[in-house]
Amino acid sequence: MNKRSAKNASELSTGQTIRKDLRRNWIIYLMALPVIAYYLIFHYGPMYGLQIAFKDYSPASGIWGSEWVGFKHFDSFFNGVYFWRLIRNTLLLNVYDLIFGFPAAIILALLLNEIRRMKFKRFVQTISYLPHFISIVVVAGMLFDFLSRDGLINQLLGLIGFEPIDFLKEAGWFRFIFVSSGIWQGIGWGSIIYLAAIANIDPTLYEAAKIDGANKWKQAFHITIPGIMPTIVIMLILNMGHLLSVGSEKVLLLYNPLTYETADVISTYVYRKGVLEANYSFTTAVGLFNSVISLILIVSANAISKRVSENKLW
């Protein structure tokens with residue numbers, strides 16, 4: 001049999017396998033159809049509009065009728081007066097969240113795993129999960145109430161002799177408020193995946209460690225953490241892909257012109273230029289730059305993890 005005949009036979013076999021699988025599992029594919037349609041319509045479909053990043057887009061002329069300008073909008077962004085401020089603020093907010101927020105969920109999961117009274121454990125879990133279900137708008141309102149000049153925090157500071165601080169109008173406080181409130185809101189929900197990973201660790205390992213005289217700390221460092229390390233690495237790789245992505249909703253609700261120096265990030269800049277100033281081509285270019293960098297970061301993080309360990313995302 002020559003190579004062409006072998007290739008045709010292989011393609012025929014593959015086609016028959018696919019058709020057989022479709023007939024056997026058609027209900028499963030039917031259930032997956034809405035999800036596939038969602039991604040095609042709302043994630044892949046809009047990619048057609050990315051070309052306006054290289055045009056002077058005008059709604060009246062449409063995408064095809066707008067003039068090609070090449071990398072004009074990218075040059076405008078890279079050489080703009082706010083470029084380095086946006087990059088710095090976006091990176092710092094995400095790096096602080098990675099340093100303090102990422103380990104927080106792991107630590108909470110380790111602590112919850114040591115609680116033996118199930119009623120108390122469920123109570124702690126419920127309390128820690130609840131903030132995740134609070135709307136960001138409500139969280140921002142709570143922060144304004146607590147941190148205003150006549151809010152609870154300043155009233156407590158006044159009791160011990162401190163002058164009131166207008167936290168939300170001082171640029172130096174924004175990063176601390178943003179990151180700490182994010183940890184409070186997400187720590188409980190983030191711990192769920194680590195608790196699930198801990199539950200899959202073989203209990204006999206702990207029994208053997210107890211027989212060898214290992215205390216709780218040694219069990220955690222030599223059994224629990226290594227046991228959930230693949231999960232930690234995967235979550236870290238996913239978080240690395242978001243280093244240049246900060247949720248614009250919370251920043252928009254909390255920042256103001258007085259805190260732009262530390263609060264203005266790429267997503268809020270895109271909102272102001274794109275929605276408020278209707279500069280669609282410029283903001284599409286910024287968004288495309290952000291997406292490309294995020295893709296490079298997540299691929300690089302996965303490659304590094306694959307090289308230094310056996311844990312990888314793909």
# chains A, B, ... in the order shown; residues from 1 in each chain; ligands from 1
call {"tool": "residues_around", "arguments": {"residues": "range 65-74 of chain A", "least_positions_apart": "2", "cutoff": "6 Å", "atoms": "only C-alpha atoms", "output": "number ranges by chain"}}
result
A: 54-57, 61-63, 76-77, 282, 285
call {"tool": "write_last_selection", "arguments": {"atoms": "C-alpha atoms", "output": "PDB file, in the first residue's frame"}}
result
ATOM      1  CA  PHE A  54      -5.740  49.184  12.327  1.00  0.00           C
ATOM      2  CA  LYS A  55      -8.335  51.608  10.923  1.00  0.00           C
ATOM      3  CA  ASP A  56      -9.803  55.020  11.646  1.00  0.00           C
ATOM      4  CA  TYR A  57     -13.170  53.477  12.381  1.00  0.00           C
ATOM      5  CA  SER A  61     -18.564  54.103   7.114  1.00  0.00           C
ATOM      6  CA  GLY A  62     -18.636  50.726   8.814  1.00  0.00           C
ATOM      7  CA  ILE A  63     -15.738  48.373   9.379  1.00  0.00           C
ATOM      8  CA  SER A  76      -0.326  56.729  19.880  1.00  0.00           C
ATOM      9  CA  PHE A  77      -0.821  54.491  22.911  1.00  0.00           C
ATOM     10  CA  PHE A 282      -7.755  53.475  19.715  1.00  0.00           C
ATOM     11  CA  ALA A 285      -5.784  48.679  19.710  1.00  0.00           C
TER      12      ALA A 285
END
call {"tool": "closest_atom_pairs", "arguments": {"of": "range 159-202 of chain A", "to": "range 104-118 of chain A", "cutoff": "12 Å", "atoms": "only C-alpha atoms", "output": "Markdown table"}}
result
| residue | atom | partner | partner_atom | distance |
| --- | --- | --- | --- | --- |
| A:Val179 | CA | A:Ala104 | CA | 11.7 |
| A:Ser180 | CA | A:Ala104 | CA | 10.7 |
| A:Gly182 | CA | A:Ala104 | CA | 11.0 |
| A:Ile183 | CA | A:Ala104 | CA | 7.4 |
| A:Trp184 | CA | A:Ala104 | CA | 9.5 |
| A:Gln185 | CA | A:Ala105 | CA | 10.9 |
| A:Gly186 | CA | A:Ala105 | CA | 8.0 |
| A:Ile187 | CA | A:Ala105 | CA | 4.8 |
| A:Gly188 | CA | A:Ala105 | CA | 6.6 |
| A:Trp189 | CA | A:Ala105 | CA | 8.0 |
| A:Gly190 | CA | A:Ala105 | CA | 5.4 |
| A:Ser191 | CA | A:Ala105 | CA | 4.6 |
| A:Ile192 | CA | A:Ala109 | CA | 7.3 |
| A:Ile193 | CA | A:Ala109 | CA | 8.7 |
| A:Tyr194 | CA | A:Ala109 | CA | 6.1 |
| A:Leu195 | CA | A:Ala109 | CA | 5.5 |
| A:Ala196 | CA | A:Ala109 | CA | 9.2 |
| A:Ala197 | CA | A:Ala109 | CA | 9.7 |
| A:Ile198 | CA | A:Asn113 | CA | 7.8 |
| A:Ala199 | CA | A:Asn113 | CA | 8.7 |
| A:Ile201 | CA | A:Asn113 | CA | 11.6 |
call {"tool": "write_last_selection", "arguments": {"atoms": "N, CA, C and O atoms", "output": "CSV table (one decimal), in the first residue's frame"}}
result
chain,number,residue,atom,x,y,z
A,179,VAL,N,-6.8,45.8,46.9
A,179,VAL,CA,-6.3,44.5,47.1
A,179,VAL,C,-6.9,43.8,48.3
A,179,VAL,O,-7.4,42.7,48.3
A,180,SER,N,-7.0,44.5,49.4
A,180,SER,CA,-7.5,43.9,50.7
A,180,SER,C,-9.0,43.6,50.6
A,180,SER,O,-9.4,42.6,51.0
A,182,GLY,N,-10.5,42.9,47.8
A,182,GLY,CA,-10.6,41.8,46.9
A,182,GLY,C,-10.3,40.5,47.6
A,182,GLY,O,-10.9,39.4,47.3
A,183,ILE,N,-9.3,40.5,48.5
A,183,ILE,CA,-9.0,39.3,49.3
A,183,ILE,C,-10.2,38.9,50.2
A,183,ILE,O,-10.6,37.7,50.2
A,184,TRP,N,-10.7,39.9,50.8
A,184,TRP,CA,-11.9,39.6,51.7
A,184,TRP,C,-13.1,39.0,50.9
A,184,TRP,O,-13.7,38.1,51.4
A,185,GLN,N,-13.3,39.5,49.7
A,185,GLN,CA,-14.4,39.0,48.9
A,185,GLN,C,-14.1,37.7,48.3
A,185,GLN,O,-15.1,36.9,48.1
A,186,GLY,N,-12.9,37.3,48.0
A,186,GLY,CA,-12.6,36.1,47.2
A,186,GLY,C,-11.9,35.0,47.9
A,186,GLY,O,-11.8,33.9,47.4
A,187,ILE,N,-11.5,35.2,49.1
A,187,ILE,CA,-10.7,34.2,49.8
A,187,ILE,C,-11.4,32.9,50.1
A,187,ILE,O,-10.9,31.8,49.8
A,188,GLY,N,-12.7,33.0,50.5
A,188,GLY,CA,-13.5,31.8,50.8
A,188,GLY,C,-13.8,31.0,49.5
A,188,GLY,O,-13.7,29.8,49.5
A,189,TRP,N,-14.3,31.8,48.5
A,189,TRP,CA,-14.6,31.1,47.3
A,189,TRP,C,-13.4,30.5,46.6
A,189,TRP,O,-13.4,29.4,46.1
A,190,GLY,N,-12.2,31.1,46.7
A,190,GLY,CA,-11.0,30.6,46.1
A,190,GLY,C,-10.5,29.4,46.8
A,190,GLY,O,-9.8,28.6,46.2
A,191,SER,N,-10.9,29.2,48.1
A,191,SER,CA,-10.4,28.1,48.9
A,191,SER,C,-11.1,26.8,48.5
A,191,SER,O,-10.6,25.7,48.8
A,192,ILE,N,-12.2,26.9,47.8
A,192,ILE,CA,-13.0,25.7,47.5
A,192,ILE,C,-12.2,24.7,46.7
A,192,ILE,O,-12.2,23.5,46.9
A,193,ILE,N,-11.5,25.1,45.6
A,193,ILE,CA,-10.8,24.2,44.8
A,193,ILE,C,-9.6,23.6,45.5
A,193,ILE,O,-9.3,22.4,45.2
A,194,TYR,N,-9.0,24.3,46.4
A,194,TYR,CA,-7.9,23.7,47.2
A,194,TYR,C,-8.4,22.7,48.2
A,194,TYR,O,-7.8,21.6,48.5
A,195,LEU,N,-9.6,22.9,48.8
A,195,LEU,CA,-10.2,22.0,49.7
A,195,LEU,C,-10.6,20.7,48.9
A,195,LEU,O,-10.4,19.6,49.5
A,196,ALA,N,-11.0,20.8,47.7
A,196,ALA,CA,-11.3,19.7,46.9
A,196,ALA,C,-10.0,18.9,46.6
A,196,ALA,O,-10.1,17.6,46.6
A,197,ALA,N,-9.0,19.6,46.3
A,197,ALA,CA,-7.7,18.9,46.1
A,197,ALA,C,-7.2,18.2,47.3
A,197,ALA,O,-6.6,17.1,47.2
A,198,ILE,N,-7.3,18.8,48.5
A,198,ILE,CA,-6.9,18.2,49.7
A,198,ILE,C,-7.7,16.9,50.0
A,198,ILE,O,-7.2,15.9,50.5
A,199,ALA,N,-9.0,17.0,49.7
A,199,ALA,CA,-9.8,15.8,49.9
A,199,ALA,C,-9.4,14.6,49.1
A,199,ALA,O,-9.7,13.4,49.5
A,201,ILE,N,-6.2,13.7,48.7
A,201,ILE,CA,-5.0,13.1,49.2
A,201,ILE,C,-5.3,11.8,50.0
A,201,ILE,O,-6.2,11.8,50.8
call {"tool": "closest_atom_pairs", "arguments": {"of": "range 205-314 of chain A", "to": "range 78-100 of chain A", "cutoff": "12 Å", "atoms": "only C-alpha atoms", "output": "Markdown table"}}
result
| residue | atom | partner | partner_atom | distance |
| --- | --- | --- | --- | --- |
| A:Met235 | CA | A:Leu98 | CA | 10.8 |
| A:Leu236 | CA | A:Leu98 | CA | 8.4 |
| A:Ile237 | CA | A:Leu98 | CA | 11.1 |
| A:Leu238 | CA | A:Leu98 | CA | 11.2 |
| A:Asn239 | CA | A:Leu98 | CA | 7.6 |
| A:Met240 | CA | A:Leu98 | CA | 8.5 |
| A:Gly241 | CA | A:Asn94 | CA | 10.4 |
| A:His242 | CA | A:Asn94 | CA | 7.6 |
| A:Leu243 | CA | A:Asn94 | CA | 5.4 |
| A:Leu244 | CA | A:Thr90 | CA | 5.8 |
| A:Ser245 | CA | A:Thr90 | CA | 7.0 |
| A:Val246 | CA | A:Thr90 | CA | 6.6 |
| A:Gly247 | CA | A:Thr90 | CA | 10.0 |
| A:Ser248 | CA | A:Thr90 | CA | 10.6 |
| A:Val251 | CA | A:Leu93 | CA | 10.6 |
| A:Thr259 | CA | A:Asn89 | CA | 11.1 |
| A:Tyr260 | CA | A:Arg85 | CA | 9.1 |
| A:Glu261 | CA | A:Arg85 | CA | 7.2 |
| A:Thr262 | CA | A:Asn89 | CA | 5.7 |
| A:Ala263 | CA | A:Asn89 | CA | 6.4 |
| A:Asp264 | CA | A:Leu86 | CA | 6.2 |
| A:Val265 | CA | A:Leu86 | CA | 4.8 |
| A:Ile266 | CA | A:Leu86 | CA | 5.5 |
| A:Ser267 | CA | A:Thr90 | CA | 8.7 |
| A:Thr268 | CA | A:Leu86 | CA | 9.3 |
| A:Tyr269 | CA | A:Leu86 | CA | 7.9 |
| A:Val270 | CA | A:Leu86 | CA | 10.4 |
| A:Phe282 | CA | A:Phe78 | CA | 11.2 |
| A:Ala285 | CA | A:Phe78 | CA | 10.6 |
| A:Val286 | CA | A:Phe78 | CA | 9.2 |
| A:Phe289 | CA | A:Phe78 | CA | 10.1 |
| A:Asn290 | CA | A:Ile87 | CA | 9.9 |
| A:Ile293 | CA | A:Ile87 | CA | 11.5 |
| A:Ser294 | CA | A:Leu91 | CA | 11.5 |
call {"tool": "atom_distance", "arguments": {"atom1": "CA of Ala140 in chain A", "atom2": "CA of Gly287 in chain A"}}
result
25.3 Å
call {"tool": "residues_around", "arguments": {"residues": "Met229 in chain A", "least_positions_apart": "5", "cutoff": "9 Å", "atoms": "only C-alpha atoms", "output": "PyMOL selection string"}}
result
chain A and resi 224+234+311
call {"tool": "write_last_selection", "arguments": {"atoms": "N, CA, C and O atoms", "output": "PDB file, in the first residue's frame"}}
result
ATOM      1  N   THR A 224       0.340  17.685  52.673  1.00  0.00           N
ATOM      2  CA  THR A 224      -0.771  18.458  52.113  1.00  0.00           C
ATOM      3  C   THR A 224      -0.331  19.367  50.969  1.00  0.00           C
ATOM      4  O   THR A 224      -0.905  19.318  49.869  1.00  0.00           O
ATOM      5  N   ILE A 234      -1.368  25.120  38.457  1.00  0.00           N
ATOM      6  CA  ILE A 234      -2.344  25.427  37.402  1.00  0.00           C
ATOM      7  C   ILE A 234      -3.037  26.752  37.684  1.00  0.00           C
ATOM      8  O   ILE A 234      -3.193  27.599  36.791  1.00  0.00           O
ATOM      9  N   ASN A 311       4.325  19.753  36.354  1.00  0.00           N
ATOM     10  CA  ASN A 311       2.995  20.361  36.399  1.00  0.00           C
ATOM     11  C   ASN A 311       2.858  21.397  35.300  1.00  0.00           C
ATOM     12  O   ASN A 311       3.694  22.281  35.151  1.00  0.00           O
TER      13      ASN A 311
END
call {"tool": "closest_residue", "arguments": {"among": "A:Gly227, A:Lys250, A:Gln219, A:Ile36", "to": "Ile177 in chain A", "atoms": "only C-alpha atoms"}}
result
A:Lys250
call {"tool": "select_by_dssp", "arguments": {"residues": "range 52-240 of chain A", "states": "helix (DSSP H, G or I)", "output": "MDAnalysis selection string"}}
result
chainID A and resid 52:54 62:65 72:78 83:113 118:133 136:147 152:159 167:169 171:199 203:211 216:240
call {"tool": "select_by_dssp", "arguments": {"residues": "range 35-166 of chain A", "states": "strand (DSSP E)", "output": "list of chain:residue names"}}
result
A:Lys55, A:Asp56, A:Glu67, A:Trp68
